[in-house]
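Participant: Before we start, here is the structure in question, set down as structure tokens.
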Protein chains: 2
Amino acid sequence: MKRDVFRGIADPTRRAILHMISTAPLNINSVSEHFEVSRAAIYKHIKILTECGLIVVSQKGRERYCEAQLQKLEEISDWVEQYRELWNKRLDFLETYLQRLQSKKKRHDKRKTNR
Amino acid sequence: MKRDVFRGIADPTRRAILHMISTAPLNINSVSEHFEVSRAAIYKHIKILTECGLIVVSQKGRERYCEAQLQKLEEISDWVEQYRELWNKRLDFLETYLQRLQSKKKRHDKRKTNR
DNA sequence: CTTTTATGAAACCAAAAGGTTTCATATTTT
DNA sequence: AAAATATGAAACCTTTTGGTTTCATAAAAG
């Protein structure tokens, strides 16, 4: 089944799995040992991660190694980046607004001390 | 209720809502008119988006305007960026590997033509 | 060959998600 | 004041999620 990568990273356990195998592949049992939940539960998470392309599994003897496909995160990155300009614009606007407020306050304070 | 921003953007309808209000705030009814599902369903999505800080709602008369808080996406961006170096490294590795394969092939071809 | 080990997969379960319809309430409009 | 509009919220329903236990199977180790 094909899956949405946004759904893939929605679960904290799946993000933890991805992090665990981000530098080097691990077999399924080794991954599951680091978690409280059962191996079967982790197996399902790995299945989902595979279905959305964030992991590739390769068999070696009786073990199956999970390798992170971090390039797939570009899809998330691209989605976020389309909004960066917008949120920076807003922050700039806020900044100039606050600066104006500041200088207005200074003028006001000055008037007060001159009184 | 406090919510996870990763869960917030996991649903395609919620991403669509966020996109719709990314440039200008809209009241809840206007948002829901653009979707097939009921207003109540959209209302719930907006509630979730609010709970994870991706939207701020402000009342004006009987209407409630939803404004996107796109800076909140920085959280997603930060998470993705921690892996960018890793995935670039892998891509570099692949590239040099392919280059070596290429030059090996060239030498091989040359030998063939010289024969 | 027997026993471990690593995994796949089925059956089952509770809670969460995503939806609907319906009704109450507060603001406009007319 | 009456009607229309915008929203909040409850009650209810189905599907999906995330989890469990159990059993089968294949490879590796003794």
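Simple scheme: letters A, B, ... for chains in structure tokens order, numbers from 1 for residues in each chain, numbers from 1 for ligands in the order shown.
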Present chain B as an mmCIF file with N, CA and C atoms, in the first residue's frame, least-squares fitted onto chain A over all of its C-alpha atoms paired in order.

Facilitator:
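So result-v5.cif came out as:
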data_model
loop_
_atom_site.group_PDB
_atom_site.id
_atom_site.type_symbol
_atom_site.label_atom_id
_atom_site.label_comp_id
_atom_site.auth_asym_id
_atom_site.auth_seq_id
_atom_site.Cartn_x
_atom_site.Cartn_y
_atom_site.Cartn_z
ATOM 1 N N MET B 1 1.142 -1.248 -0.319
ATOM 2 C CA MET B 1 0.295 -0.047 -0.317
ATOM 3 C C MET B 1 1.136 1.235 -0.258
ATOM 4 N N LYS B 2 0.763 2.149 -1.133
ATOM 5 C CA LYS B 2 1.443 3.443 -1.150
ATOM 6 C C LYS B 2 0.894 4.305 -0.010
ATOM 7 N N ARG B 3 1.791 5.011 0.692
ATOM 8 C CA ARG B 3 1.357 5.820 1.835
ATOM 9 C C ARG B 3 1.878 7.237 1.754
ATOM 10 N N ASP B 4 1.204 8.091 2.467
ATOM 11 C CA ASP B 4 1.552 9.499 2.553
ATOM 12 C C ASP B 4 2.699 9.683 3.554
ATOM 13 N N VAL B 5 3.734 10.385 3.122
ATOM 14 C CA VAL B 5 4.881 10.579 4.007
ATOM 15 C C VAL B 5 4.531 11.462 5.209
ATOM 16 N N PHE B 6 3.548 12.314 5.070
ATOM 17 C CA PHE B 6 3.103 13.140 6.203
ATOM 18 C C PHE B 6 2.478 12.264 7.290
ATOM 19 N N ARG B 7 1.719 11.258 6.858
ATOM 20 C CA ARG B 7 1.163 10.305 7.805
ATOM 21 C C ARG B 7 2.287 9.483 8.408
ATOM 22 N N GLY B 8 3.281 9.198 7.590
ATOM 23 C CA GLY B 8 4.409 8.394 8.050
ATOM 24 C C GLY B 8 5.098 8.980 9.263
ATOM 25 N N ILE B 9 5.335 10.285 9.222
ATOM 26 C CA ILE B 9 6.062 10.913 10.332
ATOM 27 C C ILE B 9 5.127 11.434 11.423
ATOM 28 N N ALA B 10 3.831 11.170 11.289
ATOM 29 C CA ALA B 10 2.873 11.681 12.273
ATOM 30 C C ALA B 10 3.011 10.986 13.624
ATOM 31 N N ASP B 11 3.402 9.737 13.599
ATOM 32 C CA ASP B 11 3.490 8.982 14.846
ATOM 33 C C ASP B 11 4.869 9.127 15.501
ATOM 34 N N PRO B 12 4.901 9.459 16.808
ATOM 35 C CA PRO B 12 6.165 9.668 17.514
ATOM 36 C C PRO B 12 7.059 8.424 17.534
ATOM 37 N N THR B 13 6.445 7.253 17.624
ATOM 38 C CA THR B 13 7.244 6.023 17.608
ATOM 39 C C THR B 13 7.955 5.877 16.268
ATOM 40 N N ARG B 14 7.245 6.203 15.191
ATOM 41 C CA ARG B 14 7.876 6.090 13.867
ATOM 42 C C ARG B 14 9.005 7.106 13.713
ATOM 43 N N ARG B 15 8.818 8.295 14.257
ATOM 44 C CA ARG B 15 9.917 9.277 14.192
ATOM 45 C C ARG B 15 11.117 8.773 14.986
ATOM 46 N N ALA B 16 10.837 8.107 16.101
ATOM 47 C CA ALA B 16 11.929 7.559 16.917
ATOM 48 C C ALA B 16 12.664 6.450 16.161
ATOM 49 N N ILE B 17 11.906 5.614 15.479
ATOM 50 C CA ILE B 17 12.520 4.540 14.681
ATOM 51 C C ILE B 17 13.424 5.150 13.615
ATOM 52 N N LEU B 18 12.887 6.131 12.917
ATOM 53 C CA LEU B 18 13.637 6.782 11.847
ATOM 54 C C LEU B 18 14.942 7.368 12.401
ATOM 55 N N HIS B 19 14.847 7.964 13.565
ATOM 56 C CA HIS B 19 16.030 8.559 14.183
ATOM 57 C C HIS B 19 17.051 7.486 14.538
ATOM 58 N N MET B 20 16.559 6.373 15.034
ATOM 59 C CA MET B 20 17.432 5.289 15.459
ATOM 60 C C MET B 20 18.258 4.737 14.307
ATOM 61 N N ILE B 21 17.658 4.687 13.120
ATOM 62 C CA ILE B 21 18.370 4.110 11.969
ATOM 63 C C ILE B 21 18.904 5.205 11.041
ATOM 64 N N SER B 22 18.910 6.447 11.524
ATOM 65 C CA SER B 22 19.317 7.545 10.628
ATOM 66 C C SER B 22 20.804 7.489 10.291
ATOM 67 N N THR B 23 21.627 6.964 11.199
ATOM 68 C CA THR B 23 23.068 6.929 10.914
ATOM 69 C C THR B 23 23.531 5.575 10.403
ATOM 70 N N ALA B 24 22.886 4.508 10.850
ATOM 71 C CA ALA B 24 23.265 3.173 10.377
ATOM 72 C C ALA B 24 22.063 2.237 10.388
ATOM 73 N N PRO B 25 21.977 1.358 9.391
ATOM 74 C CA PRO B 25 20.867 0.412 9.327
ATOM 75 C C PRO B 25 20.861 -0.530 10.533
ATOM 76 N N LEU B 26 19.692 -0.992 10.882
ATOM 77 C CA LEU B 26 19.518 -1.933 11.989
ATOM 78 C C LEU B 26 18.495 -2.970 11.578
ATOM 79 N N ASN B 27 18.639 -4.179 12.102
ATOM 80 C CA ASN B 27 17.614 -5.175 11.787
ATOM 81 C C ASN B 27 16.402 -4.967 12.700
ATOM 82 N N ILE B 28 15.291 -5.540 12.294
ATOM 83 C CA ILE B 28 14.010 -5.270 12.950
ATOM 84 C C ILE B 28 14.035 -5.567 14.447
ATOM 85 N N ASN B 29 14.608 -6.692 14.818
ATOM 86 C CA ASN B 29 14.665 -7.023 16.247
ATOM 87 C C ASN B 29 15.428 -5.992 17.059
ATOM 88 N N SER B 30 16.570 -5.576 16.551
ATOM 89 C CA SER B 30 17.373 -4.579 17.275
ATOM 90 C C SER B 30 16.581 -3.300 17.468
ATOM 91 N N VAL B 31 15.846 -2.918 16.444
ATOM 92 C CA VAL B 31 15.031 -1.711 16.559
ATOM 93 C C VAL B 31 13.994 -1.892 17.664
ATOM 94 N N SER B 32 13.296 -3.014 17.622
ATOM 95 C CA SER B 32 12.175 -3.194 18.554
ATOM 96 C C SER B 32 12.642 -3.319 20.001
ATOM 97 N N GLU B 33 13.883 -3.777 20.185
ATOM 98 C CA GLU B 33 14.391 -3.903 21.555
ATOM 99 C C GLU B 33 14.450 -2.560 22.291
ATOM 100 N N HIS B 34 14.557 -1.478 21.521
ATOM 101 C CA HIS B 34 14.655 -0.163 22.158
ATOM 102 C C HIS B 34 13.313 0.414 22.573
ATOM 103 N N PHE B 35 12.236 -0.315 22.318
ATOM 104 C CA PHE B 35 10.915 0.219 22.638
ATOM 105 C C PHE B 35 10.178 -0.657 23.636
ATOM 106 N N GLU B 36 9.201 -0.058 24.265
ATOM 107 C CA GLU B 36 8.380 -0.773 25.240
ATOM 108 C C GLU B 36 7.419 -1.730 24.550
ATOM 109 N N VAL B 37 6.919 -1.296 23.415
ATOM 110 C CA VAL B 37 5.903 -2.104 22.729
ATOM 111 C C VAL B 37 6.481 -3.356 22.082
ATOM 112 N N SER B 38 5.613 -4.242 21.685
ATOM 113 C CA SER B 38 6.015 -5.542 21.143
ATOM 114 C C SER B 38 6.744 -5.436 19.812
ATOM 115 N N ARG B 39 7.419 -6.500 19.449
ATOM 116 C CA ARG B 39 8.097 -6.533 18.159
ATOM 117 C C ARG B 39 7.088 -6.408 17.024
ATOM 118 N N ALA B 40 5.936 -7.066 17.206
ATOM 119 C CA ALA B 40 4.903 -7.021 16.165
ATOM 120 C C ALA B 40 4.460 -5.584 15.894
ATOM 121 N N ALA B 41 4.327 -4.801 16.969
ATOM 122 C CA ALA B 41 3.910 -3.403 16.814
ATOM 123 C C ALA B 41 4.958 -2.618 16.026
ATOM 124 N N ILE B 42 6.228 -2.822 16.402
ATOM 125 C CA ILE B 42 7.314 -2.130 15.695
ATOM 126 C C ILE B 42 7.377 -2.584 14.242
ATOM 127 N N TYR B 43 7.152 -3.873 14.038
ATOM 128 C CA TYR B 43 7.138 -4.412 12.681
ATOM 129 C C TYR B 43 6.123 -3.661 11.824
ATOM 130 N N LYS B 44 4.956 -3.407 12.398
ATOM 131 C CA LYS B 44 3.922 -2.684 11.655
ATOM 132 C C LYS B 44 4.350 -1.252 11.337
ATOM 133 N N HIS B 45 4.989 -0.617 12.310
ATOM 134 C CA HIS B 45 5.462 0.748 12.066
ATOM 135 C C HIS B 45 6.486 0.762 10.933
ATOM 136 N N ILE B 46 7.366 -0.221 10.964
ATOM 137 C CA ILE B 46 8.396 -0.311 9.922
ATOM 138 C C ILE B 46 7.751 -0.549 8.558
ATOM 139 N N LYS B 47 6.707 -1.327 8.560
ATOM 140 C CA LYS B 47 5.976 -1.594 7.318
ATOM 141 C C LYS B 47 5.417 -0.276 6.756
ATOM 142 N N ILE B 48 4.820 0.507 7.633
ATOM 143 C CA ILE B 48 4.252 1.792 7.212
ATOM 144 C C ILE B 48 5.351 2.719 6.690
ATOM 145 N N LEU B 49 6.453 2.785 7.422
ATOM 146 C CA LEU B 49 7.566 3.635 6.995
ATOM 147 C C LEU B 49 8.086 3.203 5.630
ATOM 148 N N THR B 50 8.091 1.887 5.393
ATOM 149 C CA THR B 50 8.510 1.368 4.096
ATOM 150 C C THR B 50 7.525 1.784 3.010
ATOM 151 N N GLU B 51 6.258 1.663 3.341
ATOM 152 C CA GLU B 51 5.208 1.974 2.368
ATOM 153 C C GLU B 51 5.194 3.444 1.949
ATOM 154 N N CYS B 52 5.745 4.304 2.810
ATOM 155 C CA CYS B 52 5.777 5.709 2.390
ATOM 156 C C CYS B 52 7.186 6.124 1.968
ATOM 157 N N GLY B 53 8.064 5.141 1.774
ATOM 158 C CA GLY B 53 9.376 5.413 1.187
ATOM 159 C C GLY B 53 10.419 5.983 2.126
ATOM 160 N N LEU B 54 10.148 5.968 3.423
ATOM 161 C CA LEU B 54 11.117 6.514 4.367
ATOM 162 C C LEU B 54 12.142 5.484 4.824
ATOM 163 N N ILE B 55 11.880 4.237 4.467
ATOM 164 C CA ILE B 55 12.773 3.147 4.859
ATOM 165 C C ILE B 55 12.870 2.166 3.703
ATOM 166 N N VAL B 56 14.048 1.565 3.571
ATOM 167 C CA VAL B 56 14.194 0.456 2.634
ATOM 168 C C VAL B 56 14.728 -0.726 3.415
ATOM 169 N N VAL B 57 14.134 -1.897 3.193
ATOM 170 C CA VAL B 57 14.524 -3.078 3.950
ATOM 171 C C VAL B 57 15.245 -4.043 3.022
ATOM 172 N N SER B 58 16.379 -4.578 3.500
ATOM 173 C CA SER B 58 17.096 -5.562 2.681
ATOM 174 C C SER B 58 17.451 -6.775 3.524
ATOM 175 N N GLN B 59 17.216 -7.927 2.962
ATOM 176 C CA GLN B 59 17.411 -9.179 3.680
ATOM 177 C C GLN B 59 18.876 -9.587 3.682
ATOM 178 N N LYS B 60 19.321 -10.051 4.843
ATOM 179 C CA LYS B 60 20.652 -10.647 4.946
ATOM 180 C C LYS B 60 20.513 -11.873 5.817
ATOM 181 N N GLY B 61 20.487 -13.042 5.188
ATOM 182 C CA GLY B 61 20.235 -14.277 5.932
ATOM 183 C C GLY B 61 18.847 -14.238 6.506
ATOM 184 N N ARG B 62 18.750 -14.470 7.797
ATOM 185 C CA ARG B 62 17.414 -14.442 8.403
ATOM 186 C C ARG B 62 17.065 -13.058 8.931
ATOM 187 N N GLU B 63 17.993 -12.133 8.814
ATOM 188 C CA GLU B 63 17.737 -10.785 9.309
ATOM 189 C C GLU B 63 17.312 -9.850 8.189
ATOM 190 N N ARG B 64 16.597 -8.802 8.567
ATOM 191 C CA ARG B 64 16.206 -7.798 7.583
ATOM 192 C C ARG B 64 16.620 -6.431 8.090
ATOM 193 N N TYR B 65 17.481 -5.785 7.352
ATOM 194 C CA TYR B 65 18.023 -4.511 7.782
ATOM 195 C C TYR B 65 17.209 -3.343 7.240
ATOM 196 N N CYS B 66 16.938 -2.402 8.145
ATOM 197 C CA CYS B 66 16.145 -1.228 7.789
ATOM 198 C C CYS B 66 17.076 -0.045 7.610
ATOM 199 N N GLU B 67 17.035 0.524 6.416
ATOM 200 C CA GLU B 67 17.872 1.686 6.137
ATOM 201 C C GLU B 67 16.984 2.901 5.890
ATOM 202 N N ALA B 68 17.288 3.990 6.571
ATOM 203 C CA ALA B 68 16.498 5.217 6.405
ATOM 204 C C ALA B 68 16.739 5.823 5.032
ATOM 205 N N GLN B 69 15.664 6.289 4.412
ATOM 206 C CA GLN B 69 15.762 6.997 3.124
ATOM 207 C C GLN B 69 15.451 8.471 3.387
ATOM 208 N N LEU B 70 16.440 9.144 3.975
ATOM 209 C CA LEU B 70 16.177 10.492 4.488
ATOM 210 C C LEU B 70 15.865 11.510 3.397
ATOM 211 N N GLN B 71 16.332 11.246 2.153
ATOM 212 C CA GLN B 71 15.988 12.178 1.059
ATOM 213 C C GLN B 71 14.486 12.350 0.936
ATOM 214 N N LYS B 72 13.773 11.313 1.339
ATOM 215 C CA LYS B 72 12.304 11.367 1.243
ATOM 216 C C LYS B 72 11.740 12.532 2.065
ATOM 217 N N LEU B 73 12.522 12.979 3.046
ATOM 218 C CA LEU B 73 12.067 14.095 3.890
ATOM 219 C C LEU B 73 12.030 15.411 3.127
ATOM 220 N N GLU B 74 12.683 15.425 1.976
ATOM 221 C CA GLU B 74 12.652 16.626 1.131
ATOM 222 C C GLU B 74 11.202 17.006 0.801
ATOM 223 N N GLU B 75 10.389 16.002 0.680
ATOM 224 C CA GLU B 75 8.974 16.241 0.377
ATOM 225 C C GLU B 75 8.324 17.086 1.476
ATOM 226 N N ILE B 76 8.651 16.753 2.708
ATOM 227 C CA ILE B 76 8.137 17.520 3.848
ATOM 228 C C ILE B 76 8.740 18.925 3.815
ATOM 229 N N SER B 77 10.051 18.939 3.627
ATOM 230 C CA SER B 77 10.774 20.213 3.596
ATOM 231 C C SER B 77 10.189 21.155 2.546
ATOM 232 N N ASP B 78 9.974 20.637 1.343
ATOM 233 C CA ASP B 78 9.403 21.454 0.264
ATOM 234 C C ASP B 78 8.055 22.040 0.666
ATOM 235 N N TRP B 79 7.252 21.208 1.282
ATOM 236 C CA TRP B 79 5.926 21.682 1.681
ATOM 237 C C TRP B 79 6.044 22.820 2.694
ATOM 238 N N VAL B 80 6.909 22.648 3.664
ATOM 239 C CA VAL B 80 7.079 23.695 4.678
ATOM 240 C C VAL B 80 7.650 24.965 4.057
ATOM 241 N N GLU B 81 8.641 24.796 3.190
ATOM 242 C CA GLU B 81 9.347 25.962 2.652
ATOM 243 C C GLU B 81 8.456 26.884 1.826
ATOM 244 N N GLN B 82 7.410 26.331 1.236
ATOM 245 C CA GLN B 82 6.508 27.179 0.458
ATOM 246 C C GLN B 82 5.867 28.250 1.323
ATOM 247 N N TYR B 83 5.905 28.047 2.640
ATOM 248 C CA TYR B 83 5.269 29.006 3.542
ATOM 249 C C TYR B 83 6.262 29.899 4.269
ATOM 250 N N ARG B 84 7.549 29.602 4.149
ATOM 251 C CA ARG B 84 8.535 30.333 4.950
ATOM 252 C C ARG B 84 8.506 31.834 4.651
ATOM 253 N N GLU B 85 8.419 32.159 3.374
ATOM 254 C CA GLU B 85 8.396 33.571 2.996
ATOM 255 C C GLU B 85 7.231 34.281 3.680
ATOM 256 N N LEU B 86 6.093 33.619 3.651
ATOM 257 C CA LEU B 86 4.897 34.212 4.261
ATOM 258 C C LEU B 86 5.083 34.463 5.751
ATOM 259 N N TRP B 87 5.626 33.467 6.449
ATOM 260 C CA TRP B 87 5.726 33.670 7.892
ATOM 261 C C TRP B 87 6.825 34.669 8.233
ATOM 262 N N ASN B 88 7.863 34.741 7.401
ATOM 263 C CA ASN B 88 8.886 35.770 7.619
ATOM 264 C C ASN B 88 8.306 37.167 7.399
ATOM 265 N N LYS B 89 7.490 37.301 6.356
ATOM 266 C CA LYS B 89 6.849 38.575 6.071
ATOM 267 C C LYS B 89 6.062 39.054 7.285
ATOM 268 N N ARG B 90 5.303 38.153 7.849
ATOM 269 C CA ARG B 90 4.509 38.502 9.036
ATOM 270 C C ARG B 90 5.414 38.929 10.181
ATOM 271 N N LEU B 91 6.509 38.220 10.364
ATOM 272 C CA LEU B 91 7.423 38.559 11.463
ATOM 273 C C LEU B 91 8.032 39.928 11.230
ATOM 274 N N ASP B 92 8.409 40.223 9.971
ATOM 275 C CA ASP B 92 8.949 41.539 9.628
ATOM 276 C C ASP B 92 7.941 42.625 9.959
ATOM 277 N N PHE B 93 6.718 42.371 9.572
ATOM 278 C CA PHE B 93 5.653 43.327 9.802
ATOM 279 C C PHE B 93 5.526 43.614 11.298
ATOM 280 N N LEU B 94 5.549 42.553 12.078
ATOM 281 C CA LEU B 94 5.468 42.684 13.536
ATOM 282 C C LEU B 94 6.630 43.511 14.064
ATOM 283 N N GLU B 95 7.806 43.244 13.507
ATOM 284 C CA GLU B 95 9.017 43.938 13.971
ATOM 285 C C GLU B 95 8.918 45.448 13.720
ATOM 286 N N THR B 96 8.580 45.829 12.487
ATOM 287 C CA THR B 96 8.479 47.267 12.184
ATOM 288 C C THR B 96 7.375 47.915 13.013
ATOM 289 N N TYR B 97 6.326 47.158 13.241
ATOM 290 C CA TYR B 97 5.235 47.675 14.069
ATOM 291 C C TYR B 97 5.742 47.978 15.483
ATOM 292 N N LEU B 98 6.508 47.040 16.018
ATOM 293 C CA LEU B 98 7.043 47.235 17.368
ATOM 294 C C LEU B 98 8.042 48.383 17.413
ATOM 295 N N GLN B 99 8.851 48.493 16.334
ATOM 296 C CA GLN B 99 9.832 49.582 16.270
ATOM 297 C C GLN B 99 9.130 50.938 16.280
ATOM 298 N N ARG B 100 8.066 51.035 15.500
ATOM 299 C CA ARG B 100 7.317 52.292 15.461
ATOM 300 C C ARG B 100 6.726 52.602 16.825
ATOM 301 N N LEU B 101 6.252 51.579 17.476
ATOM 302 C CA LEU B 101 5.696 51.750 18.815
ATOM 303 C C LEU B 101 6.787 52.301 19.742
ATOM 304 N N GLN B 102 7.995 51.728 19.595
ATOM 305 C CA GLN B 102 9.143 52.144 20.419
ATOM 306 C C GLN B 102 9.458 53.622 20.219
ATOM 307 N N SER B 103 9.642 54.035 18.959
ATOM 308 C CA SER B 103 10.033 55.420 18.698
ATOM 309 C C SER B 103 8.935 56.389 19.111
ATOM 310 N N LYS B 104 7.708 55.959 18.954
ATOM 311 C CA LYS B 104 6.592 56.785 19.408
ATOM 312 C C LYS B 104 6.713 56.990 20.924
ATOM 313 N N LYS B 105 7.015 55.914 21.605
ATOM 314 C CA LYS B 105 7.160 55.957 23.061
ATOM 315 C C LYS B 105 8.306 56.903 23.454
ATOM 316 N N LYS B 106 9.441 56.810 22.719
ATOM 317 C CA LYS B 106 10.609 57.649 23.010
ATOM 318 C C LYS B 106 10.246 59.130 22.887
ATOM 319 N N ARG B 107 9.605 59.452 21.766
ATOM 320 C CA ARG B 107 9.182 60.849 21.565
ATOM 321 C C ARG B 107 8.280 61.301 22.714
ATOM 322 N N HIS B 108 7.430 60.419 23.084
ATOM 323 C CA HIS B 108 6.497 60.709 24.164
ATOM 324 C C HIS B 108 7.264 60.961 25.470
ATOM 325 N N ASP B 109 8.220 60.070 25.754
ATOM 326 C CA ASP B 109 9.019 60.187 26.981
ATOM 327 C C ASP B 109 9.803 61.499 26.978
ATOM 328 N N LYS B 110 10.388 61.825 25.825
ATOM 329 C CA LYS B 110 11.197 63.037 25.689
ATOM 330 C C LYS B 110 10.345 64.266 26.022
ATOM 331 N N ARG B 111 9.175 64.273 25.409
ATOM 332 C CA ARG B 111 8.260 65.377 25.683
ATOM 333 C C ARG B 111 8.028 65.509 27.177
ATOM 334 N N LYS B 112 7.881 64.378 27.823
ATOM 335 C CA LYS B 112 7.610 64.373 29.258
ATOM 336 C C LYS B 112 8.767 65.010 30.036
ATOM 337 N N THR B 113 10.032 64.609 29.709
ATOM 338 C CA THR B 113 11.197 65.117 30.443
ATOM 339 C C THR B 113 11.421 66.600 30.151
ATOM 340 N N ASN B 114 11.071 67.044 28.952
ATOM 341 C CA ASN B 114 11.237 68.446 28.580
ATOM 342 C C ASN B 114 10.206 69.360 29.247
ATOM 343 N N ARG B 115 9.175 68.739 29.731
ATOM 344 C CA ARG B 115 8.113 69.541 30.304
ATOM 345 C C ARG B 115 8.568 70.285 31.549
#

Participant: DSSP on the backbone, then: every residue of range 36-89 of chain A marked helix (DSSP H, G or I), written as a PyMOL selection string.

Facilitator: chain A and resi 39-51+70-89

Participant: With DSSP run on the backbone, what are the strand (DSSP E) residues within chain B? I'd like them as an MDAnalysis selection string.

Facilitator: chainID B and resid 26:27 55:60 63:68

Participant: Only residues of chain C matter here; which ones have an atom within 9 Å of chain B, counting only C-alpha atoms (C1' of nucleotides)? Give them as a list in words.

Facilitator: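 Using only C-alpha atoms (C1' of nucleotides), chain C residues at most 9 Å from chain B: DG18, DG19, DT20, DA26, DT27 and DT28 of chain C.
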
Participant: Quick one: write out the picked residues with N, CA and C atoms (P, O5', C5', C4', C3', O3' and C1' of nucleotides) as an mmCIF file, in the first residue's frame?

Facilitator:
data_model
loop_
_atom_site.group_PDB
_atom_site.id
_atom_site.type_symbol
_atom_site.label_atom_id
_atom_site.label_comp_id
_atom_site.auth_asym_id
_atom_site.auth_seq_id
_atom_site.Cartn_x
_atom_site.Cartn_y
_atom_site.Cartn_z
ATOM 1 P P DG C 18 -7.794 12.653 11.441
ATOM 2 O "O5'" DG C 18 -9.248 12.553 10.815
ATOM 3 C "C5'" DG C 18 -9.551 11.468 9.967
ATOM 4 C "C4'" DG C 18 -11.019 11.505 9.612
ATOM 5 C "C3'" DG C 18 -11.549 12.908 9.291
ATOM 6 O "O3'" DG C 18 -12.259 12.847 8.073
ATOM 7 C "C1'" DG C 18 -12.917 11.861 10.882
ATOM 8 P P DG C 19 -12.738 14.240 7.360
ATOM 9 O "O5'" DG C 19 -14.339 14.138 7.349
ATOM 10 C "C5'" DG C 19 -14.921 13.036 7.298
ATOM 11 C "C4'" DG C 19 -16.278 12.719 7.805
ATOM 12 C "C3'" DG C 19 -17.324 13.829 7.918
ATOM 13 O "O3'" DG C 19 -18.145 13.896 6.766
ATOM 14 C "C1'" DG C 19 -17.405 12.283 9.755
ATOM 15 P P DT C 20 -19.311 15.013 6.683
ATOM 16 O "O5'" DT C 20 -20.532 14.376 7.517
ATOM 17 C "C5'" DT C 20 -21.020 13.076 7.176
ATOM 18 C "C4'" DT C 20 -22.226 12.742 8.038
ATOM 19 C "C3'" DT C 20 -23.232 13.891 8.064
ATOM 20 O "O3'" DT C 20 -24.490 13.526 7.546
ATOM 21 C "C1'" DT C 20 -22.657 13.200 10.293
ATOM 22 P P DA C 26 -26.283 33.248 24.438
ATOM 23 O "O5'" DA C 26 -25.402 34.240 23.554
ATOM 24 C "C5'" DA C 26 -24.141 33.810 23.056
ATOM 25 C "C4'" DA C 26 -23.865 34.523 21.743
ATOM 26 C "C3'" DA C 26 -24.256 36.001 21.767
ATOM 27 O "O3'" DA C 26 -23.224 36.724 21.131
ATOM 28 C "C1'" DA C 26 -25.310 34.923 19.955
ATOM 29 P P DT C 27 -23.045 38.325 21.354
ATOM 30 O "O5'" DT C 27 -22.887 38.839 19.854
ATOM 31 C "C5'" DT C 27 -23.733 38.262 18.938
ATOM 32 C "C4'" DT C 27 -23.270 38.527 17.529
ATOM 33 C "C3'" DT C 27 -23.510 39.960 17.086
ATOM 34 O "O3'" DT C 27 -22.783 40.187 15.879
ATOM 35 C "C1'" DT C 27 -25.196 38.550 16.221
ATOM 36 P P DT C 28 -22.347 41.697 15.385
ATOM 37 O "O5'" DT C 28 -23.575 42.484 14.799
ATOM 38 C "C5'" DT C 28 -24.709 41.879 14.315
ATOM 39 C "C4'" DT C 28 -24.569 41.346 12.870
ATOM 40 C "C3'" DT C 28 -25.061 42.316 11.841
ATOM 41 O "O3'" DT C 28 -24.617 41.944 10.541
ATOM 42 C "C1'" DT C 28 -26.711 40.679 12.288
#

Participant: Pick out the chain D residues within 10 Å of chain B. Count only C-alpha atoms (C1' of nucleotides). Give them as a ChimeraX atom specification.

Facilitator: /D:5-9

Participant: Just N, CA and C atoms (P, O5', C5', C4', C3', O3' and C1' of nucleotides) for this one: save the residues we selected as an mmCIF file, in the first residue's frame.

Facilitator:
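Listing of selection.cif after writing:
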data_model
loop_
_atom_site.group_PDB
_atom_site.id
_atom_site.type_symbol
_atom_site.label_atom_id
_atom_site.label_comp_id
_atom_site.auth_asym_id
_atom_site.auth_seq_id
_atom_site.Cartn_x
_atom_site.Cartn_y
_atom_site.Cartn_z
ATOM 1 P P DT D 5 -29.230 33.824 5.304
ATOM 2 O "O5'" DT D 5 -28.178 33.965 6.478
ATOM 3 C "C5'" DT D 5 -27.760 35.261 6.866
ATOM 4 C "C4'" DT D 5 -26.628 35.160 7.852
ATOM 5 C "C3'" DT D 5 -25.602 34.076 7.537
ATOM 6 O "O3'" DT D 5 -24.332 34.678 7.681
ATOM 7 C "C1'" DT D 5 -26.395 33.833 9.744
ATOM 8 P P DA D 6 -22.988 33.974 7.408
ATOM 9 O "O5'" DA D 6 -22.553 33.587 8.896
ATOM 10 C "C5'" DA D 6 -22.044 34.591 9.752
ATOM 11 C "C4'" DA D 6 -21.390 33.917 10.935
ATOM 12 C "C3'" DA D 6 -20.503 32.727 10.564
ATOM 13 O "O3'" DA D 6 -19.280 32.857 11.276
ATOM 14 C "C1'" DA D 6 -22.169 32.050 12.107
ATOM 15 P P DT D 7 -18.174 31.722 11.168
ATOM 16 O "O5'" DT D 7 -18.499 30.908 12.493
ATOM 17 C "C5'" DT D 7 -18.570 31.647 13.725
ATOM 18 C "C4'" DT D 7 -19.154 30.808 14.818
ATOM 19 C "C3'" DT D 7 -18.375 29.538 15.125
ATOM 20 O "O3'" DT D 7 -17.732 29.745 16.359
ATOM 21 C "C1'" DT D 7 -20.726 29.260 15.296
ATOM 22 P P DG D 8 -16.829 28.612 17.003
ATOM 23 O "O5'" DG D 8 -17.820 27.893 18.035
ATOM 24 C "C5'" DG D 8 -18.443 28.672 19.046
ATOM 25 C "C4'" DG D 8 -19.088 27.757 20.067
ATOM 26 C "C3'" DG D 8 -18.261 26.547 20.465
ATOM 27 O "O3'" DG D 8 -18.467 26.344 21.863
ATOM 28 C "C1'" DG D 8 -20.303 25.825 19.472
ATOM 29 P P DA D 9 -17.696 25.201 22.641
ATOM 30 O "O5'" DA D 9 -18.759 24.008 22.621
ATOM 31 C "C5'" DA D 9 -20.137 24.297 22.880
ATOM 32 C "C4'" DA D 9 -20.944 23.026 22.767
ATOM 33 C "C3'" DA D 9 -20.119 21.755 23.017
ATOM 34 O "O3'" DA D 9 -20.907 20.880 23.784
ATOM 35 C "C1'" DA D 9 -21.230 21.576 20.980
#

Participant: One decimal, in Å: what's the spacing between C1' of DC13 in chain D and C1' of DA15 in chain C?

Facilitator: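 We find that C1' of DC13 in chain D and C1' of DA15 in chain C lie 14.7 Å from each other.
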